[in-house]
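Peer 1: Shown below is the structure under consideration.
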Amino acid sequence: MLKATISLLPRVYICIDALDESTPKSRQELLGSLRDIVRESPSTRVLITGRAHVEEEVKKYFTEVITVPVSPTQGDIRVYLDARLDRDTEPCAMDHDLRRDIVRIIPEMISEV
Amino acid sequence: MDQKPSHNLSIVDNVNSFNVINVNTGMSDEDNQIREWLSPLKPQQRHQGVRAERFDGVGDWFVETSEVRRWSNGDGGSPERVLFCSGGPGVGQTYLWQEHPTSGKGKKISDVTDKYENISSLVIDNLCDQAGEKDLAVAWLYCDFLAHSEQSATAMIGAILKQLVSIRRCRRMYDRHFENGFPTEVYDYPI
């Protein structure tokens, strides 16, 4: 039924977030269905996010997979920290220098990890 | 085991209740009944929740990467139809910690490095922005450890489907299927 619906549409994007959080059984069935859909409607695009350990499972179903490792950039962490510090409920407890150090040092430390 | 009927059984139950309700209600309720029948999952609501938690500017670079562009712009002839985004080594363990002022115990203040929701929701929004102009449809699903009992494969596939049936041209097919009540051949479709 999903295949029939998708075949009626010019171009469909399907995004599956956190595939690793599904049960192994559901995951196999879902990946099998997605493979059939992509075979029948080649213009369909599938995005899957998840921890690295499900990558091999995904590759069993799809031969050509573009893989992108995702980790936050230092810029992302800086933006995030700024946003959190702006929401600080006790802003008086922090002076300008401390805030500057937090926004500088934490992104550097995380990128080293 | 009585507490765990298979999803198919609950679909049958829904079909029966749909047929009763259908007699007394208008089109809008019928649409909702069809969607609920397709899947109890509510991916659109979940997406709104993820968007609300998102920090502006975090991860924006991702949708501009060459991999994402290649994936989204490739035509039907392109073999690269699947994009898999994973956390690199150690990413799952990388948290920001804040120490509790009295107990000294660490408390996780962010799982910004551990979640892909941001990435997924950014891609979804980016595609939705182009949907009108480029005649494309977007459907999504957020899997969840805490929702295993309701996230069967049938419910997950149904959740993708119900986002696409709201599109008018798909409705014609459904109207044909449903004009004589819920047909048995729905089950014959390989889903």
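Every chain in the structure tokens has a letter given in the order shown (A, B, ...), and although residue numbers restart at 1 in each chain, ligands are simply numbered from 1 in the order shown.
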Taking 3 positions as the minimum chain separation for residues in the same chain, which residues sit within 12 Å of Gln48 of chain B when counting only C-alpha atoms? Answer as a list in words.
Peer 2: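 So, after excluding close chain neighbours, the residues are Lys42, Pro43, Gln44, Gln45, Arg51, Ala52, Glu53, Arg54, Glu117, Asn118, Ser121, Leu122, Ile124, Asp125 and Tyr142 of chain B.
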Peer 1: DSSP on the backbone, strand (DSSP E or B) only: what residues of segment 1-112 of chain A does that give? Format it as number ranges by chain.
Peer 2: A: 12-17, 45-50, 65-70
Peer 1: Please produce a file of the residues just selected, as a compact mmCIF listing (two decimals), in the first residue's frame, where the atoms kept are C-alpha atoms.
Peer 2:
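Done, and the output landed in again.txt:
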# COMPACT_ATOMS: atom_id res chain seq x y z
CA VAL A 12 9.26 11.23 -1.93
CA TYR A 13 11.79 11.75 0.88
CA ILE A 14 11.55 9.43 3.87
CA CYS A 15 13.48 10.33 7.03
CA ILE A 16 13.94 7.74 9.80
CA ASP A 17 15.42 9.18 12.97
CA ARG A 45 15.31 9.20 -1.13
CA VAL A 46 15.78 7.75 2.35
CA LEU A 47 17.60 9.42 5.24
CA ILE A 48 18.45 7.23 8.22
CA THR A 49 20.12 8.44 11.39
CA GLY A 50 21.35 6.18 14.15
CA VAL A 65 24.76 4.21 0.92
CA ILE A 66 26.22 7.66 1.48
CA THR A 67 27.55 7.64 5.02
CA VAL A 68 28.14 10.81 6.99
CA PRO A 69 29.55 10.75 10.51
CA VAL A 70 27.85 13.46 12.51
Peer 1: Would you give me, as number ranges by chain, the residues in segment 21-77 of chain A that DSSP reads as helix (DSSP H, G or I)?
Peer 2: A: 21, 24-40, 52-61, 74-77
Peer 1: Emit the selected residues as a compact mmCIF listing (two decimals), in the first residue's frame, including N, CA and C atoms.
Peer 2:
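Full text of part-v8.txt as output:
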# COMPACT_ATOMS: atom_id res chain seq x y z
N GLU A 21 17.06 2.88 17.79
CA GLU A 21 16.13 2.83 18.93
C GLU A 21 14.93 1.93 18.67
N PRO A 24 15.14 -4.84 16.95
CA PRO A 24 15.78 -5.47 15.79
C PRO A 24 14.77 -6.03 14.79
N LYS A 25 13.68 -6.60 15.31
CA LYS A 25 12.69 -7.21 14.42
C LYS A 25 11.99 -6.14 13.57
N SER A 26 11.53 -5.07 14.21
CA SER A 26 10.86 -3.99 13.47
C SER A 26 11.81 -3.38 12.45
N ARG A 27 13.06 -3.27 12.89
CA ARG A 27 14.08 -2.65 12.04
C ARG A 27 14.25 -3.43 10.74
N GLN A 28 14.33 -4.77 10.86
CA GLN A 28 14.49 -5.60 9.67
C GLN A 28 13.31 -5.41 8.72
N GLU A 29 12.10 -5.41 9.29
CA GLU A 29 10.91 -5.27 8.44
C GLU A 29 10.85 -3.91 7.78
N LEU A 30 11.19 -2.89 8.57
CA LEU A 30 11.16 -1.53 8.04
C LEU A 30 12.18 -1.37 6.92
N LEU A 31 13.40 -1.86 7.15
CA LEU A 31 14.45 -1.74 6.13
C LEU A 31 14.06 -2.52 4.87
N GLY A 32 13.45 -3.69 5.07
CA GLY A 32 12.99 -4.48 3.91
C GLY A 32 11.96 -3.72 3.09
N SER A 33 11.02 -3.07 3.78
CA SER A 33 10.00 -2.29 3.07
C SER A 33 10.61 -1.10 2.34
N LEU A 34 11.55 -0.44 3.01
CA LEU A 34 12.19 0.72 2.38
C LEU A 34 12.98 0.28 1.14
N ARG A 35 13.63 -0.86 1.25
CA ARG A 35 14.38 -1.37 0.08
C ARG A 35 13.43 -1.61 -1.10
N ASP A 36 12.28 -2.23 -0.82
CA ASP A 36 11.32 -2.50 -1.90
C ASP A 36 10.80 -1.20 -2.51
N ILE A 37 10.56 -0.22 -1.65
CA ILE A 37 10.05 1.08 -2.14
C ILE A 37 11.07 1.72 -3.08
N VAL A 38 12.32 1.73 -2.64
CA VAL A 38 13.37 2.39 -3.42
C VAL A 38 13.59 1.66 -4.76
N ARG A 39 13.44 0.35 -4.73
CA ARG A 39 13.58 -0.42 -5.98
C ARG A 39 12.48 -0.05 -6.97
N GLU A 40 11.26 0.07 -6.45
CA GLU A 40 10.13 0.33 -7.35
C GLU A 40 10.02 1.80 -7.74
N ALA A 52 26.35 4.08 15.11
CA ALA A 52 27.16 3.43 14.08
C ALA A 52 26.88 1.94 13.94
N HIS A 53 26.44 1.29 15.03
CA HIS A 53 26.30 -0.17 14.94
C HIS A 53 25.18 -0.62 14.01
N VAL A 54 24.24 0.26 13.66
CA VAL A 54 23.20 -0.18 12.71
C VAL A 54 23.61 0.05 11.25
N GLU A 55 24.78 0.65 11.07
CA GLU A 55 25.23 0.94 9.69
C GLU A 55 25.34 -0.35 8.86
N GLU A 56 25.91 -1.40 9.48
CA GLU A 56 26.06 -2.66 8.74
C GLU A 56 24.71 -3.22 8.34
N GLU A 57 23.73 -3.09 9.25
CA GLU A 57 22.38 -3.58 8.92
C GLU A 57 21.82 -2.82 7.73
N VAL A 58 22.00 -1.50 7.74
CA VAL A 58 21.49 -0.68 6.64
C VAL A 58 22.14 -1.10 5.33
N LYS A 59 23.44 -1.40 5.40
CA LYS A 59 24.18 -1.74 4.18
C LYS A 59 23.81 -3.13 3.64
N LYS A 60 23.20 -3.96 4.50
CA LYS A 60 22.71 -5.25 4.00
C LYS A 60 21.54 -5.05 3.05
N TYR A 61 20.80 -3.99 3.28
CA TYR A 61 19.59 -3.76 2.48
C TYR A 61 19.84 -2.83 1.30
N GLN A 74 32.69 22.75 16.71
CA GLN A 74 32.94 23.68 17.83
C GLN A 74 31.96 24.84 17.77
N GLY A 75 31.62 25.24 16.54
CA GLY A 75 30.66 26.34 16.37
C GLY A 75 29.29 25.97 16.94
N ASP A 76 28.86 24.70 16.69
CA ASP A 76 27.57 24.24 17.22
C ASP A 76 27.56 24.33 18.74
N ILE A 77 28.65 23.84 19.34
CA ILE A 77 28.71 23.80 20.80
C ILE A 77 28.72 25.22 21.37
Peer 1: Report, in Å with one decimal, the straight-line distance from atom CA of Lys3 of chain A to atom CA of Ala18 of chain A.
Peer 2: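 Spanning atom CA of Lys3 of chain A to atom CA of Ala18 of chain A is a straight-line distance of 22.6 Å.
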Peer 1: What does the structure give for the distance between atom CA of Leu83 of chain B and atom CA of Val68 of chain B, in Å to one decimal?
Peer 2: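 Atom CA of Val68 of chain B lies at a distance of 7.5 Å from atom CA of Leu83 of chain B.
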Peer 1: Give me, please, the distance in Å between atom CA of Leu81 of chain A and atom CA of Phe55 of chain B, quoted to one decimal.
Peer 2: 9.8 Å
